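Coordinates as given in start20.tsv (TSV, C-alpha atoms):
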```
chain	number	residue	atom	x	y	z
J	1	MET	CA	-6.50	2.58	11.40
J	2	LEU	CA	-8.50	2.77	8.17
J	3	VAL	CA	-9.73	6.25	9.11
J	4	LEU	CA	-6.16	7.40	9.65
J	5	LEU	CA	-4.97	5.82	6.42
J	6	ALA	CA	-7.81	7.45	4.50
J	7	ALA	CA	-6.75	10.81	5.91
J	8	VAL	CA	-3.17	10.10	4.86
J	9	LEU	CA	-4.13	9.39	1.29
J	10	VAL	CA	-6.49	12.35	0.89
J	11	HIS	CA	-4.34	15.14	2.36
J	12	PRO	CA	-0.64	14.87	1.55
J	13	VAL	CA	1.56	17.09	3.70
J	14	PRO	CA	5.29	17.54	3.99
J	15	ALA	CA	6.85	15.34	6.62
J	16	ARG	CA	7.79	16.89	9.96
J	17	ALA	CA	10.00	14.92	12.26
J	18	SER	CA	9.13	14.17	15.84
J	19	GLU	CA	11.33	14.92	18.79
J	20	ALA	CA	13.73	12.16	19.75
J	21	GLY	CA	12.74	10.26	22.85
J	22	LYS	CA	9.03	10.98	22.51
J	23	ALA	CA	6.60	8.11	23.10
J	24	LEU	CA	5.44	6.37	19.92
J	25	LEU	CA	2.44	4.06	19.80
J	26	ALA	CA	2.98	1.61	16.96
J	27	LEU	CA	-0.31	0.18	15.71
J	28	PRO	CA	-0.33	-3.14	13.90
J	29	PHE	CA	0.01	-2.54	10.16
J	30	GLY	CA	-2.82	-3.60	7.87
J	31	TYR	CA	-2.45	-5.87	4.87
J	32	LEU	CA	-4.38	-6.11	1.63
J	33	ASP	CA	-3.68	-8.59	-1.15
J	34	THR	CA	-5.39	-7.87	-4.47
J	35	SER	CA	-2.81	-9.74	-6.54
J	36	GLY	CA	-5.19	-12.54	-7.44
J	37	GLU	CA	-2.57	-15.22	-6.91
J	38	ALA	CA	-4.00	-18.69	-6.53
J	39	SER	CA	-1.68	-19.83	-3.74
J	40	ASP	CA	-2.61	-19.01	-0.14
J	41	GLN	CA	0.19	-16.92	1.34
J	42	LYS	CA	-1.69	-15.51	4.34
J	43	GLU	CA	0.62	-17.09	6.89
J	44	ALA	CA	3.80	-15.95	5.15
J	45	HIS	CA	2.45	-12.43	4.76
J	46	ALA	CA	1.33	-12.29	8.40
J	47	ASP	CA	4.84	-13.34	9.44
J	48	ARG	CA	6.45	-10.71	7.19
J	49	LEU	CA	4.09	-8.01	8.44
J	50	LYS	CA	4.92	-8.87	12.05
J	51	ALA	CA	8.65	-8.89	11.24
J	52	MET	CA	8.28	-5.47	9.60
J	53	SER	CA	6.54	-4.01	12.65
J	54	THR	CA	9.03	-5.54	15.07
J	55	ARG	CA	12.04	-4.35	13.08
J	56	LEU	CA	10.68	-0.80	12.80
J	57	THR	CA	9.82	-0.43	16.47
J	58	ASP	CA	12.93	-2.19	17.78
J	59	ARG	CA	15.28	-0.08	15.66
J	60	LEU	CA	13.48	3.19	16.37
J	61	GLN	CA	13.68	2.55	20.09
J	62	ALA	CA	17.24	1.19	20.08
J	63	GLY	CA	18.42	4.24	18.15
J	64	GLY	CA	16.91	6.59	20.72
J	65	PHE	CA	14.47	8.07	18.23
J	66	TYR	CA	11.35	7.07	20.16
J	67	ARG	CA	10.24	5.27	23.28
J	68	ILE	CA	7.77	2.62	22.06
J	69	VAL	CA	4.40	2.46	23.83
J	70	PRO	CA	2.66	-0.94	23.62
J	71	ALA	CA	-0.83	-1.07	22.14
J	72	THR	CA	-3.33	-1.73	24.94
J	73	PRO	CA	-6.51	-3.76	24.42
J	74	GLY	CA	-8.44	-0.47	24.48
J	75	ILE	CA	-6.33	0.88	21.64
J	76	ILE	CA	-6.76	-2.28	19.58
J	77	ALA	CA	-10.51	-2.27	20.20
J	78	CYS	CA	-11.00	1.21	18.74
J	79	ALA	CA	-8.11	1.51	16.30
J	80	GLY	CA	-9.98	0.66	13.12
J	81	ASN	CA	-13.27	2.34	13.83
J	82	ASP	CA	-13.05	5.56	15.79
J	83	GLN	CA	-10.33	8.19	15.50
J	84	ASP	CA	-11.43	10.00	18.67
J	85	CYS	CA	-11.34	6.74	20.61
J	86	LEU	CA	-7.90	5.91	19.24
J	87	LEU	CA	-6.47	9.32	20.09
J	88	GLY	CA	-7.96	9.24	23.59
J	89	GLU	CA	-6.64	5.74	24.29
J	90	ALA	CA	-3.22	6.64	22.85
J	91	ARG	CA	-2.97	9.64	25.18
J	92	LYS	CA	-4.05	7.49	28.14
J	93	ALA	CA	-1.24	5.09	27.28
J	94	GLY	CA	1.22	7.98	27.32
J	95	ALA	CA	1.84	8.22	23.57
J	96	ASP	CA	2.95	11.46	21.95
J	97	PHE	CA	2.73	10.04	18.44
J	98	ILE	CA	1.00	7.18	16.61
J	99	LEU	CA	2.67	5.13	13.89
J	100	THR	CA	0.39	3.28	11.52
J	101	GLY	CA	0.59	1.83	8.07
J	102	ALA	CA	-0.44	-0.82	5.61
J	103	VAL	CA	1.01	-3.01	2.91
J	104	HIS	CA	-0.91	-3.59	-0.31
J	105	LYS	CA	0.18	-6.43	-2.58
J	106	THR	CA	-1.03	-5.43	-6.02
J	107	SER	CA	0.57	-8.14	-8.16
J	108	THR	CA	2.86	-11.12	-7.95
J	109	LEU	CA	5.92	-8.88	-7.69
J	110	ILE	CA	4.70	-5.41	-6.64
J	111	SER	CA	3.60	-4.20	-3.21
J	112	ALA	CA	3.11	-0.75	-1.74
J	113	ILE	CA	3.63	0.46	1.82
J	114	TRP	CA	1.88	3.45	3.35
J	115	VAL	CA	3.36	4.71	6.61
J	116	GLY	CA	2.12	7.64	8.67
J	117	VAL	CA	2.96	9.19	12.03
J	118	PHE	CA	0.23	11.22	13.71
J	119	ASP	CA	0.21	13.55	16.71
J	120	ALA	CA	-1.70	11.83	19.54
J	121	LYS	CA	-3.06	15.18	20.77
J	122	ASP	CA	-5.06	16.06	17.70
J	123	GLY	CA	-4.50	13.41	15.03
J	124	LYS	CA	-2.54	15.78	12.81
J	125	ARG	CA	-0.32	13.95	10.36
J	126	ILE	CA	3.33	14.79	10.86
J	127	PHE	CA	5.00	12.17	8.64
J	128	PHE	CA	3.91	10.22	5.59
J	129	ARG	CA	5.60	8.02	3.02
J	130	GLN	CA	4.24	5.83	0.28
J	131	ILE	CA	6.72	3.49	-1.35
J	132	SER	CA	6.49	0.51	-3.63
J	133	PHE	CA	8.78	-2.46	-3.64
J	134	ARG	CA	9.41	-5.44	-5.86
J	135	GLY	CA	9.44	-9.02	-4.72
J	136	ASP	CA	7.47	-11.05	-2.24
J	137	THR	CA	10.27	-12.63	-0.26
J	138	ASN	CA	11.57	-12.10	3.26
J	139	GLU	CA	14.57	-10.29	1.79
J	140	ALA	CA	12.40	-7.91	-0.28
J	141	TRP	CA	10.21	-7.09	2.72
J	142	GLN	CA	13.26	-6.51	4.93
J	143	HIS	CA	14.79	-4.19	2.33
J	144	ALA	CA	11.52	-2.21	2.14
J	145	THR	CA	11.32	-2.08	5.93
J	146	ASP	CA	14.86	-0.77	6.16
J	147	PHE	CA	14.07	1.94	3.63
J	148	VAL	CA	11.02	3.07	5.62
J	149	LEU	CA	13.08	2.92	8.81
J	150	GLY	CA	15.70	5.16	7.26
J	151	GLN	CA	13.02	7.68	6.31
J	152	LEU	CA	11.63	7.71	9.87
J	153	GLN	CA	15.11	8.04	11.36
J	154	GLU	CA	16.04	10.89	9.03
J	155	GLU	CA	12.93	12.81	10.02
J	156	ALA	CA	13.77	12.34	13.70
J	157	ARG	CA	17.38	13.49	13.10
J	158	GLN	CA	16.19	16.67	11.37
J	159	ALA	CA	14.04	17.51	14.39
J	160	ARG	CA	17.06	17.53	16.70
```

Same coordinates, now as structure tokens:
Amino acid sequence: MLVLLAAVLVHPVPARASEAGKALLALPFGYLDTSGEASDQKEAHADRLKAMSTRLTDRLQAGGFYRIVPATPGIIACAGNDQDCLLGEARKAGADFILTGAVHKTSTLISAIWVGVFDAKDGKRIFFRQISFRGDTNEAWQHATDFVLGQLQEEARQAR
């Protein structure tokens, strides 16, 4: 996932929507906290990250935008280290596209989300958004998730 995220940050491209109904492999999003806060919020952030992933995939599938492909152990094993491995495993699982992302908490009130969708055939980035959001509450995370969801849905609509 880090390799894919590095590619996202280095080479910005205009978003191109995927075709509705295509298979989307949703990788677990990464999380980085460099806020320096003294309190341990790892559990709360893990819960919010999981809720974000679940909300994105559930809504994308329910809306008919994608058919969600579950991440297999093989995909999880290679996701962070080897792009060729990840692409090969994604294709074996039947994925047309790969969704990945990360949240970076930079301060007490500011976080950023990077979200990318990649073609499982060749790793080419077809969608990317970077947004920031204020607040570190369930409501703030849900609002940010809904914004990202809207961006993904709009791209899929434009492809129709």

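Coordinates place atom CA of Ala26 of chain J at a distance of 21.8 Å from atom CA of Lys42 of chain J.
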
Contacts of Leu152 of chain J at 9 Å (only C-alpha atoms; same-chain gap of 5+ positions) as a compact mmCIF listing (two decimals) with C-alpha atoms, keeping the file's coordinate frame:
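Printed below is out-v7.txt as written:
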```
# COMPACT_ATOMS: atom_id res chain seq x y z
CA ALA J 17 10.00 14.92 12.26
CA LEU J 60 13.48 3.19 16.37
CA PHE J 65 14.47 8.07 18.23
CA PHE J 127 5.00 12.17 8.64
CA PHE J 147 14.07 1.94 3.63
CA ARG J 157 17.38 13.49 13.10
```

Taking every listed atom of segment 26-33 of chain J and adding 3 Å to each side, what centre and edge lengths in Å (one decimal) does the axis-aligned box have, as JSON?
```
{"center_x": -0.7, "center_y": -3.5, "center_z": 7.9, "size_x": 13.4, "size_y": 16.2, "size_z": 24.1}
```

Can you work out which one of J:Glu43, J:Arg55, J:Val69, J:Glu37 has the shortest atom-to-atom distance to His143 of chain J, counting all atoms listed in the file?
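Under the stated criterion, the closest residue is J:Arg55.
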
Which one is closest to Gly74 of chain J: J:Leu27, J:Phe118, J:Ala62, J:Gly36? Count only C-alpha atoms.
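The closest residue to Gly74 of chain J is J:Leu27.
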
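Atom CA of Gly150 of chain J sits 21.6 Å away from atom CA of Asp47 of chain J.
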
Among the residues J:Ala120, J:Ile76, J:Tyr66, J:Leu149, the one that comes closest to Lys92 of chain J [using all atoms listed in the file]
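Selected residue with least distance to Lys92 of chain J: J:Ala120.
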
Could you tell me how far atom CA of Gln151 of chain J sits from atom CA of Thr54 of chain J, in Å to one decimal place?
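The value is 16.4 Å.
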
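Counting all atoms listed in the file, the residue from J:Phe133, J:Thr34, J:Ala102, J:Ala95 that sits nearest to Ala46 of chain J is J:Ala102.
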
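Omitting Gly64 of chain J and its sequence neighbours fewer than 6 positions away, and counting only C-alpha atoms, the residues within 10 Å are J:Ala20, J:Gly21, J:Lys22, J:Gln153, J:Ala156.
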
For Gly94 of chain J: contacts at 9 Å, only C-alpha atoms, fewer than 2 positions along chain excluded, given as a ChimeraX atom specification:
/J:23-25,69,89-92,96

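Take the candidates J:Val117, J:Ile98, J:Ile131, J:Met52 and check each one against Pro70 of chain J using only C-alpha atoms; the shortest distance goes to J:Ile98.
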
Restricting the calculation to all atoms listed in the file: of J:Asn81, J:Thr72, J:His45, J:Gly123, which residue gets closest to Trp141 of chain J?
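Of J:Asn81, J:Thr72, J:His45, J:Gly123, the one nearest Trp141 of chain J, counting all atoms listed in the file, is J:His45.
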
Thr137 of chain J: which residues within 12 Å, counting all atoms listed in the file, same-chain residues fewer than 3 positions away excluded, as number ranges by chain?
J: 41, 44-45, 47-49, 108-111, 133-134, 140-144

Next, write the just-selected residues to a file, as a PDB file, keeping the file's coordinate frame, keeping C-alpha atoms as the atom set.
```pdb
ATOM      1  CA  GLN J  41       0.190 -16.920   1.340  1.00  0.00           C
ATOM      2  CA  ALA J  44       3.800 -15.950   5.150  1.00  0.00           C
ATOM      3  CA  HIS J  45       2.450 -12.430   4.760  1.00  0.00           C
ATOM      4  CA  ASP J  47       4.840 -13.340   9.440  1.00  0.00           C
ATOM      5  CA  ARG J  48       6.450 -10.710   7.190  1.00  0.00           C
ATOM      6  CA  LEU J  49       4.090  -8.010   8.440  1.00  0.00           C
ATOM      7  CA  THR J 108       2.860 -11.120  -7.950  1.00  0.00           C
ATOM      8  CA  LEU J 109       5.920  -8.880  -7.690  1.00  0.00           C
ATOM      9  CA  ILE J 110       4.700  -5.410  -6.640  1.00  0.00           C
ATOM     10  CA  SER J 111       3.600  -4.200  -3.210  1.00  0.00           C
ATOM     11  CA  PHE J 133       8.780  -2.460  -3.640  1.00  0.00           C
ATOM     12  CA  ARG J 134       9.410  -5.440  -5.860  1.00  0.00           C
ATOM     13  CA  ALA J 140      12.400  -7.910  -0.280  1.00  0.00           C
ATOM     14  CA  TRP J 141      10.210  -7.090   2.720  1.00  0.00           C
ATOM     15  CA  GLN J 142      13.260  -6.510   4.930  1.00  0.00           C
ATOM     16  CA  HIS J 143      14.790  -4.190   2.330  1.00  0.00           C
ATOM     17  CA  ALA J 144      11.520  -2.210   2.140  1.00  0.00           C
TER      18      ALA J 144
END
```
